[in-house]
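Heads up, query02.cif below (mmCIF, N, CA and C atoms):
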```cif
data_start
loop_
_atom_site.group_PDB
_atom_site.id
_atom_site.type_symbol
_atom_site.label_atom_id
_atom_site.label_comp_id
_atom_site.auth_asym_id
_atom_site.auth_seq_id
_atom_site.Cartn_x
_atom_site.Cartn_y
_atom_site.Cartn_z
ATOM 1 N N MET J 1 0.845 -1.160 0.000
ATOM 2 C CA MET J 1 0.000 0.000 0.000
ATOM 3 C C MET J 1 0.899 1.234 0.000
ATOM 4 N N ILE J 2 0.505 2.199 -0.786
ATOM 5 C CA ILE J 2 1.255 3.439 -0.924
ATOM 6 C C ILE J 2 0.334 4.584 -0.531
ATOM 7 N N ASP J 3 0.733 5.318 0.493
ATOM 8 C CA ASP J 3 -0.006 6.517 0.886
ATOM 9 C C ASP J 3 0.678 7.718 0.260
ATOM 10 N N VAL J 4 -0.083 8.532 -0.446
ATOM 11 C CA VAL J 4 0.450 9.746 -1.056
ATOM 12 C C VAL J 4 0.257 10.886 -0.058
ATOM 13 N N LEU J 5 1.393 11.475 0.341
ATOM 14 C CA LEU J 5 1.413 12.565 1.314
ATOM 15 C C LEU J 5 2.085 13.779 0.694
ATOM 16 N N ARG J 6 1.911 14.937 1.326
ATOM 17 C CA ARG J 6 2.549 16.169 0.842
ATOM 18 C C ARG J 6 3.120 16.941 2.025
ATOM 19 N N PRO J 7 4.289 17.567 1.822
ATOM 20 C CA PRO J 7 4.868 18.341 2.930
ATOM 21 C C PRO J 7 4.016 19.551 3.307
ATOM 22 N N GLU J 8 3.271 20.088 2.352
ATOM 23 C CA GLU J 8 2.443 21.272 2.618
ATOM 24 C C GLU J 8 1.360 20.995 3.663
ATOM 25 N N THR J 9 1.012 19.732 3.859
ATOM 26 C CA THR J 9 -0.001 19.381 4.853
ATOM 27 C C THR J 9 0.654 18.699 6.055
ATOM 28 N N GLY J 10 1.963 18.950 6.227
ATOM 29 C CA GLY J 10 2.671 18.395 7.377
ATOM 30 C C GLY J 10 2.832 16.891 7.331
ATOM 31 N N TRP J 11 2.778 16.313 6.148
ATOM 32 C CA TRP J 11 2.892 14.864 5.949
ATOM 33 C C TRP J 11 1.805 14.113 6.719
ATOM 34 N N ARG J 12 0.682 14.782 7.012
ATOM 35 C CA ARG J 12 -0.372 14.159 7.819
ATOM 36 C C ARG J 12 -1.610 13.776 7.016
ATOM 37 N N GLN J 13 -1.922 14.519 5.981
ATOM 38 C CA GLN J 13 -3.118 14.218 5.189
ATOM 39 C C GLN J 13 -2.776 13.226 4.089
ATOM 40 N N ILE J 14 -3.553 12.174 3.989
ATOM 41 C CA ILE J 14 -3.388 11.195 2.917
ATOM 42 C C ILE J 14 -4.219 11.670 1.728
ATOM 43 N N TRP J 15 -3.572 11.860 0.589
ATOM 44 C CA TRP J 15 -4.236 12.343 -0.619
ATOM 45 C C TRP J 15 -4.744 11.194 -1.480
ATOM 46 N N ALA J 16 -4.099 10.050 -1.364
ATOM 47 C CA ALA J 16 -4.528 8.846 -2.080
ATOM 48 C C ALA J 16 -3.893 7.644 -1.404
ATOM 49 N N THR J 17 -4.603 6.530 -1.423
ATOM 50 C CA THR J 17 -4.056 5.263 -0.951
ATOM 51 C C THR J 17 -4.106 4.308 -2.130
ATOM 52 N N ILE J 18 -2.917 3.927 -2.589
ATOM 53 C CA ILE J 18 -2.790 3.097 -3.791
ATOM 54 C C ILE J 18 -2.245 1.735 -3.397
ATOM 55 N N SER J 19 -2.911 0.705 -3.825
ATOM 56 C CA SER J 19 -2.381 -0.648 -3.682
ATOM 57 C C SER J 19 -1.749 -1.027 -5.009
ATOM 58 N N TYR J 20 -0.684 -1.820 -4.919
ATOM 59 C CA TYR J 20 0.030 -2.186 -6.138
ATOM 60 C C TYR J 20 0.478 -3.636 -6.038
ATOM 61 N N GLY J 21 -0.138 -4.487 -6.838
ATOM 62 C CA GLY J 21 0.226 -5.898 -6.874
ATOM 63 C C GLY J 21 1.117 -6.182 -8.068
ATOM 64 N N TRP J 22 2.366 -6.543 -7.823
ATOM 65 C CA TRP J 22 3.315 -6.784 -8.915
ATOM 66 C C TRP J 22 3.554 -8.276 -9.173
ATOM 67 N N GLU J 23 2.916 -9.119 -8.400
ATOM 68 C CA GLU J 23 3.087 -10.564 -8.593
ATOM 69 C C GLU J 23 2.258 -11.037 -9.789
ATOM 70 N N SER J 24 2.394 -12.317 -10.127
ATOM 71 C CA SER J 24 1.648 -12.892 -11.261
ATOM 72 C C SER J 24 0.177 -13.083 -10.887
ATOM 73 N N LEU J 25 -0.664 -13.218 -11.906
ATOM 74 C CA LEU J 25 -2.080 -13.494 -11.662
ATOM 75 C C LEU J 25 -2.257 -14.797 -10.891
ATOM 76 N N ASP J 26 -1.427 -15.796 -11.192
ATOM 77 C CA ASP J 26 -1.507 -17.074 -10.491
ATOM 78 C C ASP J 26 -1.258 -16.897 -8.993
ATOM 79 N N PHE J 27 -0.301 -16.028 -8.649
ATOM 80 C CA PHE J 27 -0.029 -15.738 -7.244
ATOM 81 C C PHE J 27 -1.295 -15.219 -6.562
ATOM 82 N N TYR J 28 -2.000 -14.272 -7.193
ATOM 83 C CA TYR J 28 -3.192 -13.679 -6.591
ATOM 84 C C TYR J 28 -4.376 -14.637 -6.584
ATOM 85 N N ARG J 29 -4.412 -15.577 -7.518
ATOM 86 C CA ARG J 29 -5.458 -16.607 -7.490
ATOM 87 C C ARG J 29 -5.299 -17.469 -6.238
ATOM 88 N N LYS J 30 -4.053 -17.820 -5.908
ATOM 89 C CA LYS J 30 -3.782 -18.660 -4.733
ATOM 90 C C LYS J 30 -3.908 -17.859 -3.439
ATOM 91 N N TRP J 31 -3.512 -16.605 -3.451
ATOM 92 C CA TRP J 31 -3.450 -15.767 -2.254
ATOM 93 C C TRP J 31 -4.812 -15.203 -1.857
ATOM 94 N N GLY J 32 -5.649 -14.894 -2.836
ATOM 95 C CA GLY J 32 -6.907 -14.198 -2.567
ATOM 96 C C GLY J 32 -8.014 -15.119 -2.096
ATOM 97 N N ALA J 33 -9.083 -14.499 -1.649
ATOM 98 C CA ALA J 33 -10.275 -15.241 -1.241
ATOM 99 C C ALA J 33 -10.954 -15.826 -2.476
ATOM 100 N N ALA J 34 -11.814 -16.800 -2.247
ATOM 101 C CA ALA J 34 -12.481 -17.487 -3.355
ATOM 102 C C ALA J 34 -13.320 -16.527 -4.201
ATOM 103 N N ASP J 35 -13.877 -15.498 -3.575
ATOM 104 C CA ASP J 35 -14.733 -14.574 -4.315
ATOM 105 C C ASP J 35 -13.988 -13.346 -4.849
ATOM 106 N N SER J 36 -12.668 -13.296 -4.679
ATOM 107 C CA SER J 36 -11.913 -12.130 -5.166
ATOM 108 C C SER J 36 -11.443 -12.360 -6.603
ATOM 109 N N ASP J 37 -11.295 -11.280 -7.322
ATOM 110 C CA ASP J 37 -10.859 -11.332 -8.713
ATOM 111 C C ASP J 37 -9.373 -10.955 -8.773
ATOM 112 N N PRO J 38 -8.487 -11.877 -9.152
ATOM 113 C CA PRO J 38 -7.053 -11.578 -9.169
ATOM 114 C C PRO J 38 -6.698 -10.445 -10.135
ATOM 115 N N ILE J 39 -7.504 -10.236 -11.152
ATOM 116 C CA ILE J 39 -7.233 -9.150 -12.101
ATOM 117 C C ILE J 39 -7.375 -7.793 -11.412
ATOM 118 N N GLU J 40 -8.280 -7.703 -10.438
ATOM 119 C CA GLU J 40 -8.444 -6.453 -9.698
ATOM 120 C C GLU J 40 -7.313 -6.210 -8.704
ATOM 121 N N THR J 41 -6.626 -7.273 -8.300
ATOM 122 C CA THR J 41 -5.552 -7.169 -7.310
ATOM 123 C C THR J 41 -4.200 -6.911 -7.957
ATOM 124 N N LYS J 42 -4.004 -7.363 -9.168
ATOM 125 C CA LYS J 42 -2.734 -7.168 -9.859
ATOM 126 C C LYS J 42 -2.689 -5.757 -10.440
ATOM 127 N N GLY J 43 -1.539 -5.124 -10.327
ATOM 128 C CA GLY J 43 -1.382 -3.777 -10.846
ATOM 129 C C GLY J 43 -1.826 -2.745 -9.820
ATOM 130 N N PRO J 44 -1.795 -1.467 -10.192
ATOM 131 C CA PRO J 44 -2.171 -0.415 -9.246
ATOM 132 C C PRO J 44 -3.678 -0.163 -9.242
ATOM 133 N N TYR J 45 -4.191 0.129 -8.057
ATOM 134 C CA TYR J 45 -5.602 0.475 -7.926
ATOM 135 C C TYR J 45 -5.799 1.271 -6.639
ATOM 136 N N LEU J 46 -6.876 2.038 -6.586
ATOM 137 C CA LEU J 46 -7.196 2.793 -5.382
ATOM 138 C C LEU J 46 -7.808 1.844 -4.359
ATOM 139 N N ASP J 47 -7.257 1.854 -3.179
ATOM 140 C CA ASP J 47 -7.725 0.980 -2.106
ATOM 141 C C ASP J 47 -8.972 1.601 -1.477
ATOM 142 N N THR J 48 -10.112 0.988 -1.702
ATOM 143 C CA THR J 48 -11.381 1.566 -1.256
ATOM 144 C C THR J 48 -11.582 1.502 0.257
ATOM 145 N N LEU J 49 -10.771 0.729 0.947
ATOM 146 C CA LEU J 49 -10.898 0.633 2.405
ATOM 147 C C LEU J 49 -10.077 1.689 3.134
ATOM 148 N N ASN J 50 -9.328 2.496 2.391
ATOM 149 C CA ASN J 50 -8.446 3.498 2.989
ATOM 150 C C ASN J 50 -8.734 4.876 2.412
ATOM 151 N N PRO J 51 -8.157 5.923 3.041
ATOM 152 C CA PRO J 51 -8.489 7.304 2.642
ATOM 153 C C PRO J 51 -8.196 7.624 1.177
ATOM 154 N N GLN J 52 -9.133 8.361 0.588
ATOM 155 C CA GLN J 52 -9.001 8.870 -0.776
ATOM 156 C C GLN J 52 -9.499 10.314 -0.777
ATOM 157 N N THR J 53 -9.113 11.057 -1.800
ATOM 158 C CA THR J 53 -9.590 12.431 -1.976
ATOM 159 C C THR J 53 -10.062 12.603 -3.413
ATOM 160 N N LYS J 54 -10.534 13.782 -3.740
ATOM 161 C CA LYS J 54 -10.963 14.040 -5.112
ATOM 162 C C LYS J 54 -9.782 13.993 -6.083
ATOM 163 N N TYR J 55 -8.550 14.018 -5.568
ATOM 164 C CA TYR J 55 -7.351 13.968 -6.403
ATOM 165 C C TYR J 55 -6.811 12.545 -6.583
ATOM 166 N N SER J 56 -7.404 11.591 -5.919
ATOM 167 C CA SER J 56 -6.877 10.224 -5.921
ATOM 168 C C SER J 56 -6.764 9.623 -7.319
ATOM 169 N N SER J 57 -7.749 9.812 -8.159
ATOM 170 C CA SER J 57 -7.701 9.237 -9.514
ATOM 171 C C SER J 57 -6.542 9.815 -10.317
ATOM 172 N N ALA J 58 -6.331 11.118 -10.209
ATOM 173 C CA ALA J 58 -5.215 11.751 -10.927
ATOM 174 C C ALA J 58 -3.881 11.245 -10.377
ATOM 175 N N LEU J 59 -3.798 11.056 -9.064
ATOM 176 C CA LEU J 59 -2.560 10.547 -8.463
ATOM 177 C C LEU J 59 -2.318 9.092 -8.864
ATOM 178 N N LEU J 60 -3.386 8.317 -9.008
ATOM 179 C CA LEU J 60 -3.256 6.947 -9.501
ATOM 180 C C LEU J 60 -2.709 6.946 -10.927
ATOM 181 N N ASN J 61 -3.204 7.843 -11.778
ATOM 182 C CA ASN J 61 -2.688 7.933 -13.148
ATOM 183 C C ASN J 61 -1.215 8.313 -13.166
ATOM 184 N N LEU J 62 -0.810 9.209 -12.278
ATOM 185 C CA LEU J 62 0.606 9.571 -12.165
ATOM 186 C C LEU J 62 1.426 8.359 -11.736
ATOM 187 N N PHE J 63 0.916 7.601 -10.790
ATOM 188 C CA PHE J 63 1.608 6.397 -10.337
ATOM 189 C C PHE J 63 1.737 5.388 -11.476
ATOM 190 N N ARG J 64 0.690 5.228 -12.272
ATOM 191 C CA ARG J 64 0.760 4.316 -13.426
ATOM 192 C C ARG J 64 1.874 4.734 -14.386
ATOM 193 N N PHE J 65 2.050 6.038 -14.555
ATOM 194 C CA PHE J 65 3.139 6.539 -15.388
ATOM 195 C C PHE J 65 4.489 6.182 -14.759
ATOM 196 N N LEU J 66 4.621 6.377 -13.449
ATOM 197 C CA LEU J 66 5.894 6.106 -12.772
ATOM 198 C C LEU J 66 6.306 4.639 -12.860
ATOM 199 N N ILE J 67 5.336 3.728 -12.762
ATOM 200 C CA ILE J 67 5.699 2.307 -12.758
ATOM 201 C C ILE J 67 6.003 1.768 -14.152
ATOM 202 N N GLN J 68 5.976 2.626 -15.148
ATOM 203 C CA GLN J 68 6.466 2.208 -16.457
ATOM 204 C C GLN J 68 7.984 2.056 -16.426
ATOM 205 N N SER J 69 8.626 2.617 -15.420
ATOM 206 C CA SER J 69 10.070 2.505 -15.255
ATOM 207 C C SER J 69 10.399 1.241 -14.459
ATOM 208 N N PRO J 70 11.102 0.279 -15.058
ATOM 209 C CA PRO J 70 11.496 -0.928 -14.315
ATOM 210 C C PRO J 70 12.353 -0.591 -13.095
ATOM 211 N N ASP J 71 13.149 0.465 -13.176
ATOM 212 C CA ASP J 71 13.979 0.862 -12.035
ATOM 213 C C ASP J 71 13.117 1.314 -10.865
ATOM 214 N N TYR J 72 12.050 2.033 -11.163
ATOM 215 C CA TYR J 72 11.159 2.497 -10.095
ATOM 216 C C TYR J 72 10.435 1.315 -9.452
ATOM 217 N N VAL J 73 9.981 0.381 -10.258
ATOM 218 C CA VAL J 73 9.316 -0.817 -9.723
ATOM 219 C C VAL J 73 10.291 -1.604 -8.855
ATOM 220 N N ALA J 74 11.521 -1.756 -9.308
ATOM 221 C CA ALA J 74 12.533 -2.470 -8.521
ATOM 222 C C ALA J 74 12.776 -1.756 -7.192
ATOM 223 N N ARG J 75 12.771 -0.438 -7.214
ATOM 224 C CA ARG J 75 12.955 0.339 -5.982
ATOM 225 C C ARG J 75 11.801 0.087 -5.008
ATOM 226 N N LEU J 76 10.577 0.089 -5.507
ATOM 227 C CA LEU J 76 9.425 -0.203 -4.651
ATOM 228 C C LEU J 76 9.544 -1.603 -4.044
ATOM 229 N N GLN J 77 9.937 -2.564 -4.857
ATOM 230 C CA GLN J 77 10.066 -3.937 -4.371
ATOM 231 C C GLN J 77 11.171 -4.047 -3.323
ATOM 232 N N ARG J 78 12.299 -3.361 -3.546
ATOM 233 C CA ARG J 78 13.378 -3.367 -2.543
ATOM 234 C C ARG J 78 12.898 -2.784 -1.220
ATOM 235 N N HIS J 79 12.195 -1.673 -1.288
ATOM 236 C CA HIS J 79 11.697 -1.045 -0.056
ATOM 237 C C HIS J 79 10.689 -1.952 0.650
ATOM 238 N N TYR J 80 9.857 -2.611 -0.122
ATOM 239 C CA TYR J 80 8.901 -3.548 0.462
ATOM 240 C C TYR J 80 9.651 -4.652 1.209
ATOM 241 N N HIS J 81 10.647 -5.232 0.582
ATOM 242 C CA HIS J 81 11.402 -6.326 1.203
ATOM 243 C C HIS J 81 12.200 -5.838 2.413
ATOM 244 N N MET J 82 12.713 -4.612 2.349
ATOM 245 C CA MET J 82 13.438 -4.051 3.496
ATOM 246 C C MET J 82 12.505 -3.934 4.706
ATOM 247 N N PHE J 83 11.258 -3.607 4.472
ATOM 248 C CA PHE J 83 10.276 -3.512 5.554
ATOM 249 C C PHE J 83 9.867 -4.896 6.046
ATOM 250 N N ARG J 84 9.590 -5.805 5.122
ATOM 251 C CA ARG J 84 9.073 -7.129 5.498
ATOM 252 C C ARG J 84 10.106 -7.992 6.211
ATOM 253 N N GLU J 85 11.371 -7.854 5.860
ATOM 254 C CA GLU J 85 12.398 -8.733 6.430
ATOM 255 C C GLU J 85 12.411 -8.702 7.964
ATOM 256 N N PRO J 86 12.478 -7.538 8.605
ATOM 257 C CA PRO J 86 12.470 -7.568 10.076
ATOM 258 C C PRO J 86 11.120 -8.002 10.661
ATOM 259 N N VAL J 87 10.045 -7.770 9.938
ATOM 260 C CA VAL J 87 8.720 -8.160 10.418
ATOM 261 C C VAL J 87 8.571 -9.679 10.368
ATOM 262 N N ASP J 88 8.958 -10.271 9.252
ATOM 263 C CA ASP J 88 8.795 -11.713 9.060
ATOM 264 C C ASP J 88 9.977 -12.523 9.563
ATOM 265 N N GLY J 89 11.125 -11.851 9.765
ATOM 266 C CA GLY J 89 12.313 -12.572 10.202
ATOM 267 C C GLY J 89 12.919 -13.432 9.120
ATOM 268 N N GLU J 90 12.632 -13.126 7.878
ATOM 269 C CA GLU J 90 13.172 -13.892 6.755
ATOM 270 C C GLU J 90 13.872 -12.940 5.804
ATOM 271 N N HIS J 91 14.834 -13.473 5.077
ATOM 272 C CA HIS J 91 15.496 -12.679 4.049
ATOM 273 C C HIS J 91 14.781 -12.927 2.727
ATOM 274 N N TYR J 92 14.301 -11.865 2.120
ATOM 275 C CA TYR J 92 13.659 -11.968 0.810
ATOM 276 C C TYR J 92 14.724 -11.775 -0.252
ATOM 277 N N MET J 93 14.919 -12.792 -1.068
ATOM 278 C CA MET J 93 15.932 -12.699 -2.107
ATOM 279 C C MET J 93 15.325 -12.126 -3.379
ATOM 280 N N SER J 94 16.080 -11.237 -4.012
ATOM 281 C CA SER J 94 15.667 -10.754 -5.327
ATOM 282 C C SER J 94 15.846 -11.888 -6.325
ATOM 283 N N GLY J 95 15.333 -11.713 -7.505
ATOM 284 C CA GLY J 95 15.501 -12.729 -8.544
ATOM 285 C C GLY J 95 16.962 -13.018 -8.824
ATOM 286 N N THR J 96 17.791 -11.972 -8.849
ATOM 287 C CA THR J 96 19.231 -12.153 -9.091
ATOM 288 C C THR J 96 19.873 -12.900 -7.943
ATOM 289 N N GLU J 97 19.547 -12.531 -6.686
ATOM 290 C CA GLU J 97 20.106 -13.232 -5.526
ATOM 291 C C GLU J 97 19.716 -14.702 -5.541
ATOM 292 N N TRP J 98 18.445 -14.975 -5.879
ATOM 293 C CA TRP J 98 17.979 -16.350 -5.913
ATOM 294 C C TRP J 98 18.728 -17.151 -6.967
ATOM 295 N N LEU J 99 18.920 -16.555 -8.154
ATOM 296 C CA LEU J 99 19.625 -17.225 -9.233
ATOM 297 C C LEU J 99 21.063 -17.525 -8.830
ATOM 298 N N LEU J 100 21.747 -16.549 -8.217
ATOM 299 C CA LEU J 100 23.127 -16.772 -7.771
ATOM 300 C C LEU J 100 23.194 -17.849 -6.697
ATOM 301 N N ALA J 101 22.246 -17.868 -5.776
ATOM 302 C CA ALA J 101 22.216 -18.900 -4.731
ATOM 303 C C ALA J 101 21.992 -20.266 -5.351
ATOM 304 N N ALA J 102 21.119 -20.357 -6.354
ATOM 305 C CA ALA J 102 20.842 -21.641 -6.999
ATOM 306 C C ALA J 102 22.074 -22.136 -7.754
ATOM 307 N N VAL J 103 22.804 -21.221 -8.390
ATOM 308 C CA VAL J 103 24.005 -21.608 -9.135
ATOM 309 C C VAL J 103 25.084 -22.094 -8.171
ATOM 310 N N ARG J 104 25.239 -21.403 -7.023
ATOM 311 C CA ARG J 104 26.243 -21.808 -6.032
ATOM 312 C C ARG J 104 25.911 -23.155 -5.430
ATOM 313 N N TRP J 105 24.625 -23.459 -5.264
ATOM 314 C CA TRP J 105 24.203 -24.687 -4.639
ATOM 315 C C TRP J 105 24.539 -25.842 -5.527
#
```

Show this structure as structure tokens.
Amino acid sequence: MIDVLRPETGWRQIWATISYGWESLDFYRKWGAADSDPIETKGPYLDTLNPQTKYSSALLNLFRFLIQSPDYVARLQRHYHMFREPVDGEHYMSGTEWLLAAVRW
């Protein structure tokens, strides 16, 4: 989940809450509830359970533009893994790390 904040509001007001699923559709089929649609979970979308504003749709479109950059997507994934590692107590390997570990094994 990505909360869009602005310094002009003291980093306190959420302007948009964007969810972004970068995994495969098969991943979301296995992960989601029986009545959920994996197509709705994959990619960016406005999270209806969290704060939104009248600017949320425009901010979602800006985010869609940003994720056209593979470097930006990789950065988001790195930050996600940096957060999850201490929470889960596991090391999340990138695709390159996994490949190197498999070759060494």

Got a sec: who's within 7 Å of Leu46 in chain J, counting all atoms listed in the file, leaving out chain neighbours fewer than 2 positions off, as a short mmCIF file (atom, residue, chain, number, x, y, z; two decimals) with N, CA and C atoms, in the frame of the given file?
```cif
data_model
loop_
_atom_site.label_atom_id
_atom_site.label_comp_id
_atom_site.auth_asym_id
_atom_site.auth_seq_id
_atom_site.Cartn_x
_atom_site.Cartn_y
_atom_site.Cartn_z
N THR J 17 -4.60 6.53 -1.42
CA THR J 17 -4.06 5.26 -0.95
C THR J 17 -4.11 4.31 -2.13
N ILE J 18 -2.92 3.93 -2.59
CA ILE J 18 -2.79 3.10 -3.79
C ILE J 18 -2.24 1.74 -3.40
N SER J 19 -2.91 0.70 -3.82
CA SER J 19 -2.38 -0.65 -3.68
C SER J 19 -1.75 -1.03 -5.01
N PRO J 44 -1.80 -1.47 -10.19
CA PRO J 44 -2.17 -0.42 -9.25
C PRO J 44 -3.68 -0.16 -9.24
N THR J 48 -10.11 0.99 -1.70
CA THR J 48 -11.38 1.57 -1.26
C THR J 48 -11.58 1.50 0.26
N LEU J 49 -10.77 0.73 0.95
CA LEU J 49 -10.90 0.63 2.40
C LEU J 49 -10.08 1.69 3.13
N ASN J 50 -9.33 2.50 2.39
CA ASN J 50 -8.45 3.50 2.99
C ASN J 50 -8.73 4.88 2.41
N LEU J 60 -3.39 8.32 -9.01
CA LEU J 60 -3.26 6.95 -9.50
C LEU J 60 -2.71 6.95 -10.93
#
```

Quiz item: So which bits of range 2-104 of chain J end up strand (DSSP E) when you DSSP the backbone, as a list of chain:residue names?
Solution: J:Ile2, J:Asp3, J:Val4, J:Ala16, J:Thr17, J:Ile18, J:Ser19, J:Tyr20, J:Gly21, J:Gly43, J:Pro44, J:Tyr45, J:Leu46

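Coordinates place CA of Thr53 in chain J at a distance of 26.0 Å from atom N of His79 in chain J.
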
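Taking atom C of Gln77 in chain J and CA of Phe27 in chain J as endpoints, the distance between them is 16.7 Å.
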
Write out, as JSON lines, each residue of range 2-43 of chain J that has an atom at most 12 Å from range 54-58 of chain J, together with the closest pair of atoms and their distance in Å to one decimal, counting only C-alpha atoms, rows going by chain and rising number.
```
{"residue": "J:Ile2", "atom": "CA", "partner": "J:Ser56", "partner_atom": "CA", "distance": 11.7}
{"residue": "J:Asp3", "atom": "CA", "partner": "J:Ser56", "partner_atom": "CA", "distance": 10.4}
{"residue": "J:Val4", "atom": "CA", "partner": "J:Ser56", "partner_atom": "CA", "distance": 8.8}
{"residue": "J:Leu5", "atom": "CA", "partner": "J:Ser56", "partner_atom": "CA", "distance": 11.2}
{"residue": "J:Ile14", "atom": "CA", "partner": "J:Ser56", "partner_atom": "CA", "distance": 9.6}
{"residue": "J:Trp15", "atom": "CA", "partner": "J:Ser56", "partner_atom": "CA", "distance": 6.3}
{"residue": "J:Ala16", "atom": "CA", "partner": "J:Ser56", "partner_atom": "CA", "distance": 4.7}
{"residue": "J:Thr17", "atom": "CA", "partner": "J:Ser56", "partner_atom": "CA", "distance": 7.6}
{"residue": "J:Ile18", "atom": "CA", "partner": "J:Ser56", "partner_atom": "CA", "distance": 8.5}
{"residue": "J:Ser19", "atom": "CA", "partner": "J:Ser56", "partner_atom": "CA", "distance": 12.0}
```

Enclosing box along x, y and z for every listed atom of range 61-64 of chain J, padded 4 Å each side, centre and size in Å, one decimal, as JSON:
```
{"center_x": -0.7, "center_y": 6.9, "center_z": -12.4, "size_x": 13.1, "size_y": 13.3, "size_z": 12.0}
```

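Going from atom N of Arg6 in chain J over to atom C of Arg84 in chain J, you cover 24.8 Å.
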